[in-house]
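Undergrad: Okay, so here is entry_2.txt, and as you'll see once you scroll down, it has compact mmCIF, C-alpha atoms.
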```txt
# COMPACT_ATOMS: atom_id res chain seq x y z
CA MET A 168 78.89 81.07 -8.20
CA ASP A 169 77.87 82.93 -5.08
CA PRO A 170 79.91 81.60 -2.12
CA LEU A 171 76.90 82.17 0.12
CA GLU A 172 74.93 79.59 -1.88
CA ILE A 173 77.44 76.79 -1.34
CA VAL A 174 75.74 73.87 0.37
CA THR A 175 77.59 71.30 2.45
CA LEU A 176 76.29 67.79 2.97
CA VAL A 177 77.68 66.06 6.05
CA VAL A 178 77.24 62.29 6.04
CA ARG A 179 78.04 60.28 9.18
CA HIS A 180 78.46 56.53 9.02
CA ARG A 181 79.39 54.33 11.96
CA VAL A 182 80.87 51.19 10.41
CA ARG A 183 80.49 47.73 11.92
CA ALA A 184 83.71 46.38 13.44
CA GLY A 185 85.75 44.44 10.91
CA ARG A 186 83.89 45.93 7.92
CA GLU A 187 86.06 49.04 7.54
CA MET A 188 87.93 47.83 4.44
CA ALA A 189 84.72 46.99 2.59
CA TYR A 190 83.31 50.38 3.61
CA GLU A 191 86.42 52.24 2.40
CA GLN A 192 86.12 50.54 -1.01
CA TRP A 193 82.45 51.52 -1.16
CA LEU A 194 83.35 55.08 -0.09
CA GLN A 195 85.93 55.44 -2.89
CA ARG A 196 83.35 54.39 -5.48
CA THR A 197 80.70 56.65 -3.97
CA THR A 198 82.89 59.76 -3.88
CA ARG A 199 83.91 59.08 -7.49
CA VAL A 200 80.25 58.89 -8.53
CA ALA A 201 79.31 62.01 -6.53
CA SER A 202 82.13 63.97 -8.19
CA THR A 203 80.47 63.46 -11.59
CA TYR A 204 77.35 65.38 -10.53
CA PRO A 205 77.01 69.00 -11.65
CA GLY A 206 77.93 71.51 -8.97
CA HIS A 207 80.11 69.10 -6.98
CA LEU A 208 82.93 71.14 -5.41
CA GLY A 209 84.85 68.46 -3.52
CA VAL A 210 84.78 66.03 -0.65
CA ASP A 211 86.70 65.61 2.59
CA VAL A 212 86.60 62.42 4.65
CA ILE A 213 87.39 62.29 8.35
CA CYS A 214 87.65 58.95 10.12
CA GLU A 215 87.79 58.58 13.86
CA GLN A 216 86.96 55.63 16.08
CA GLY A 217 84.97 53.70 13.49
CA GLN A 218 82.93 56.71 12.40
CA PHE A 219 83.40 58.18 8.93
CA ILE A 220 82.38 61.78 8.37
CA CYS A 221 82.11 62.73 4.70
CA VAL A 222 81.84 66.41 3.86
CA LEU A 223 80.58 67.03 0.33
CA ARG A 224 80.26 70.56 -1.02
CA PHE A 225 77.94 71.56 -3.85
CA SER A 226 77.51 74.90 -5.58
CA GLY A 227 73.84 75.16 -4.64
CA ALA A 228 70.82 73.49 -3.08
CA SER A 229 69.43 72.20 -6.39
CA GLU A 230 72.77 70.59 -7.26
CA LEU A 231 72.91 68.92 -3.84
CA GLN A 232 69.31 67.76 -4.20
CA ALA A 233 70.13 66.20 -7.57
CA TRP A 234 72.78 64.06 -5.83
CA LEU A 235 70.63 63.26 -2.77
CA GLY A 236 67.63 62.26 -4.88
CA SER A 237 69.55 60.33 -7.50
CA GLY A 238 68.91 56.66 -8.12
CA GLU A 239 72.66 56.09 -8.02
CA ARG A 240 72.94 57.40 -4.46
CA GLN A 241 69.89 55.41 -3.34
CA GLN A 242 71.43 52.24 -4.76
CA LEU A 243 74.79 52.99 -3.09
CA ILE A 244 73.09 53.57 0.29
CA GLU A 245 71.18 50.29 0.00
CA GLU A 246 74.46 48.55 -0.81
CA VAL A 247 76.31 49.97 2.21
CA SER A 248 73.51 49.60 4.77
CA PRO A 249 74.62 46.13 5.97
CA LEU A 250 78.05 47.59 6.80
CA LEU A 251 76.63 50.35 9.01
CA VAL A 252 75.67 50.31 12.68
CA GLU A 253 73.29 53.29 12.65
CA GLY A 254 72.35 53.79 8.99
CA ASP A 255 72.90 56.82 6.77
CA GLN A 256 72.89 60.05 8.82
CA THR A 257 72.96 63.32 6.86
CA GLN A 258 72.95 67.03 7.67
CA VAL A 259 72.90 69.99 5.29
CA HIS A 260 74.71 73.25 6.03
CA ILE A 261 74.32 76.45 4.00
CA GLY A 262 77.31 78.66 3.23
CA HIS A 263 80.50 78.01 5.20
CA GLU A 264 79.00 77.45 8.64
CA PHE A 265 80.55 73.96 8.60
CA TRP A 266 84.14 75.24 8.91
CA PHE A 267 84.07 75.11 12.67
CA ASN A 268 81.50 72.40 13.18
CA PRO A 269 82.53 69.09 11.57
CA HIS A 270 82.01 66.75 14.52
CA HIS A 271 79.70 68.23 17.09
CA PRO A 272 76.55 70.32 17.14
CA LYS A 273 78.18 72.77 19.59
CA GLN A 274 80.67 75.16 18.02
CA PRO A 275 84.03 76.02 19.55
CA PRO A 276 84.29 79.31 21.44
CA ARG A 277 84.38 82.30 19.11
CA TRP A 278 87.80 83.39 20.37
CA LYS A 279 89.25 80.06 19.20
CA GLN A 280 87.53 80.44 15.82
CA ALA A 281 88.99 83.95 15.58
CA CYS A 282 92.50 82.67 16.42
CA VAL A 283 92.43 79.98 13.73
CA THR A 284 90.96 82.38 11.18
CA PHE A 285 93.67 84.96 12.01
CA LEU A 286 96.41 82.32 11.63
CA VAL A 287 95.08 81.40 8.21
CA ILE A 288 94.44 84.91 6.87
CA LEU A 289 97.48 86.81 8.18
CA PRO A 290 100.15 84.97 6.14
CA LEU A 291 97.97 85.18 3.04
CA SER A 292 97.39 88.92 3.51
CA LEU A 293 101.17 89.42 3.64
CA LEU A 294 102.06 87.08 0.76
CA ILE A 295 99.29 87.49 -1.82
CA PRO A 296 99.88 91.23 -2.51
CA LEU A 297 103.55 90.44 -3.19
CA LEU A 298 102.59 87.68 -5.61
CA TRP A 299 100.29 90.03 -7.54
CA GLN A 300 102.93 92.81 -7.83
CA PRO A 301 104.55 91.57 -11.08
CA LEU A 302 101.18 91.53 -12.84
CA PHE A 303 100.27 94.94 -11.43
CA ALA A 304 103.58 96.29 -12.79
CA LYS A 305 102.85 94.91 -16.29
CA LEU A 306 99.18 95.92 -16.33
CA PRO A 307 98.78 99.30 -14.61
CA VAL A 308 95.01 99.16 -15.07
CA LEU A 309 94.94 96.38 -12.46
CA SER A 310 97.15 98.27 -10.02
CA GLY A 311 94.52 100.85 -9.13
CA TYR A 312 93.18 100.93 -5.57
CA VAL A 313 89.85 99.19 -6.30
CA ALA A 314 91.06 96.70 -8.92
CA SER A 315 94.10 95.57 -6.93
CA ASN A 316 92.11 95.20 -3.71
CA VAL A 317 89.41 93.21 -5.49
CA LEU A 318 91.97 90.81 -6.98
CA ILE A 319 93.92 90.44 -3.73
CA THR A 320 90.80 89.96 -1.60
CA LEU A 321 89.25 87.51 -4.05
CA THR A 322 92.46 85.46 -4.09
CA ILE A 323 92.64 85.38 -0.30
CA VAL A 324 88.96 84.47 0.12
CA LEU A 325 89.14 81.62 -2.40
CA LEU A 326 92.32 80.23 -0.85
CA VAL A 327 90.87 80.46 2.65
CA VAL A 328 87.51 78.90 1.76
CA TYR A 329 88.66 76.09 -0.50
CA LEU A 330 92.17 75.26 0.64
CA PHE A 331 93.47 76.54 3.95
CA MET A 332 90.50 76.77 6.33
CA PRO A 333 89.37 73.14 5.91
CA LYS A 334 92.95 71.99 6.55
CA ALA A 335 93.42 74.37 9.51
CA THR A 336 90.24 73.18 11.22
CA GLN A 337 91.43 69.58 10.84
CA LEU A 338 94.87 70.50 12.18
CA PHE A 339 93.44 72.35 15.20
CA ALA A 340 90.44 70.03 15.73
CA ALA A 341 91.50 68.89 19.22
CA TRP A 342 92.13 72.46 20.38
CA LEU A 343 88.87 73.69 18.83
CA GLU A 344 86.92 71.02 20.74
CA PRO A 345 84.35 72.91 22.83
CA ARG A 346 84.71 72.49 26.58
CA GLY A 347 82.48 73.86 29.31
CA HIS A 348 85.05 76.34 30.68
CA ASP A 349 86.25 77.68 27.26
CA SER A 350 83.25 79.80 26.43
```
Represent the structure of the file as structure tokens.
TA:
Amino acid sequence: MDPLEIVTLVVRHRVRAGREMAYEQWLQRTTRVASTYPGHLGVDVICEQGQFICVLRFSGASELQAWLGSGERQQLIEEVSPLLVEGDQTQVHIGHEFWFNPHHPKQPPRWKQACVTFLVILPLSLLIPLLWQPLFAKLPVLSGYVASNVLITLTIVLLVVYLFMPKATQLFAAWLEPRGHDS
């Protein structure tokens, strides 16, 4: 799987007041169904002030399209429509451009993106080589300059993309919020 081909579907639903519990039950069923589709890489749900933002990642555009065009999804959207204020709102993002853009069309200032990225990558760049050392000692073929750097870099990239960066952007969301004087 080429990480550049990963496609992110962002679904925004503003739920009618008092219908949140019914929506959350629907959302649990829907994410379960979506997870059965080929190429599904995971889902994150953010809820703030009655708006649910669901971030679904797929391994490619055709896999995402299979979910979007499925009869199951169409039926689920019809079922949830009475619970929604503004209907089903979707956006598609290619690659990992969504890291810093979950809520708003305007991205945070680049220096803030760089700070969060640095905070995520630095500890990993110090820890991951140490974790690989026992294997490098047992298998000298892996301890060469190219092989060891490929394994270490691959480990860091996968951890950043799939585990730490989504959590860090949620943790720093308020600070990352773009403001007129931050740019």
Undergrad: So how far away is atom CA of Glu230 of chain A from atom CA of Val182 of chain A, in Å?
TA: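 Distance between the two atoms: 27.5 Å.
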Undergrad: Can you list, as a PyMOL selection string, every protein, DNA or RNA residue that comes within 10 Å of His260 of chain A when you count all atoms listed in the file, leaving out same-chain residues fewer than 6 positions away?
TA: chain A and resi 173-177+224+228+268
Undergrad: Measure the distance from atom CA of Thr322 of chain A to atom CA of Leu297 of chain A in Å and round it to one decimal.
TA: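 Between atom CA of Thr322 of chain A and atom CA of Leu297 of chain A the gap works out to 12.2 Å.
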Undergrad: Excluding Ser229 of chain A and its own-chain neighbours fewer than 2 positions away, which residues fall within 12 Å of it when counting all atoms listed in the file? Please give them as a PDB file with C-alpha atoms, in the frame of the given file.
TA:
```
ATOM      1  CA  GLU A 172      74.930  79.590  -1.880  1.00  0.00           C
ATOM      2  CA  ILE A 173      77.440  76.790  -1.340  1.00  0.00           C
ATOM      3  CA  VAL A 174      75.740  73.870   0.370  1.00  0.00           C
ATOM      4  CA  TYR A 204      77.350  65.380 -10.530  1.00  0.00           C
ATOM      5  CA  PRO A 205      77.010  69.000 -11.650  1.00  0.00           C
ATOM      6  CA  GLY A 206      77.930  71.510  -8.970  1.00  0.00           C
ATOM      7  CA  HIS A 207      80.110  69.100  -6.980  1.00  0.00           C
ATOM      8  CA  PHE A 225      77.940  71.560  -3.850  1.00  0.00           C
ATOM      9  CA  SER A 226      77.510  74.900  -5.580  1.00  0.00           C
ATOM     10  CA  GLY A 227      73.840  75.160  -4.640  1.00  0.00           C
ATOM     11  CA  LEU A 231      72.910  68.920  -3.840  1.00  0.00           C
ATOM     12  CA  GLN A 232      69.310  67.760  -4.200  1.00  0.00           C
ATOM     13  CA  ALA A 233      70.130  66.200  -7.570  1.00  0.00           C
ATOM     14  CA  TRP A 234      72.780  64.060  -5.830  1.00  0.00           C
ATOM     15  CA  LEU A 235      70.630  63.260  -2.770  1.00  0.00           C
ATOM     16  CA  GLY A 236      67.630  62.260  -4.880  1.00  0.00           C
ATOM     17  CA  SER A 237      69.550  60.330  -7.500  1.00  0.00           C
TER      18      SER A 237
END
```
Undergrad: Could you check which of A:Ser292, A:Leu286, A:Glu239, A:Val178 is closest to Thr203 of chain A, using only C-alpha atoms?
TA: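 Of A:Ser292, A:Leu286, A:Glu239, A:Val178, the one nearest Thr203 of chain A is A:Glu239, counting only C-alpha atoms.
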Undergrad: So how far away is atom CA of His180 of chain A from atom CA of Phe219 of chain A, in Å?
TA: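 Computing the Euclidean distance for atom CA of Phe219 of chain A and atom CA of His180 of chain A yields 5.2 Å.
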Undergrad: Identify the residues within 9 Å of coordinate (96.5, 83.0, 2.7) (same frame as the file), considering only C-alpha atoms, and give the answer as an mmCIF file with C-alpha atoms, in the frame of the given file.
TA:
```
data_model
loop_
_atom_site.group_PDB
_atom_site.id
_atom_site.type_symbol
_atom_site.label_atom_id
_atom_site.label_comp_id
_atom_site.auth_asym_id
_atom_site.auth_seq_id
_atom_site.Cartn_x
_atom_site.Cartn_y
_atom_site.Cartn_z
ATOM 1 C CA LEU A 286 96.410 82.320 11.630
ATOM 2 C CA VAL A 287 95.080 81.400 8.210
ATOM 3 C CA ILE A 288 94.440 84.910 6.870
ATOM 4 C CA LEU A 289 97.480 86.810 8.180
ATOM 5 C CA PRO A 290 100.150 84.970 6.140
ATOM 6 C CA LEU A 291 97.970 85.180 3.040
ATOM 7 C CA SER A 292 97.390 88.920 3.510
ATOM 8 C CA LEU A 293 101.170 89.420 3.640
ATOM 9 C CA LEU A 294 102.060 87.080 0.760
ATOM 10 C CA ILE A 295 99.290 87.490 -1.820
ATOM 11 C CA THR A 322 92.460 85.460 -4.090
ATOM 12 C CA ILE A 323 92.640 85.380 -0.300
ATOM 13 C CA VAL A 324 88.960 84.470 0.120
ATOM 14 C CA LEU A 326 92.320 80.230 -0.850
ATOM 15 C CA VAL A 327 90.870 80.460 2.650
ATOM 16 C CA PHE A 331 93.470 76.540 3.950
#
```
Undergrad: Nearest to Val283 of chain A among A:Leu298, A:Val252, A:Leu343, A:Leu318, with distances taken over all atoms listed in the file: which residue is it?
TA: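 Looking only at the distances to Val283 of chain A, the closest residue turns out to be A:Leu343.
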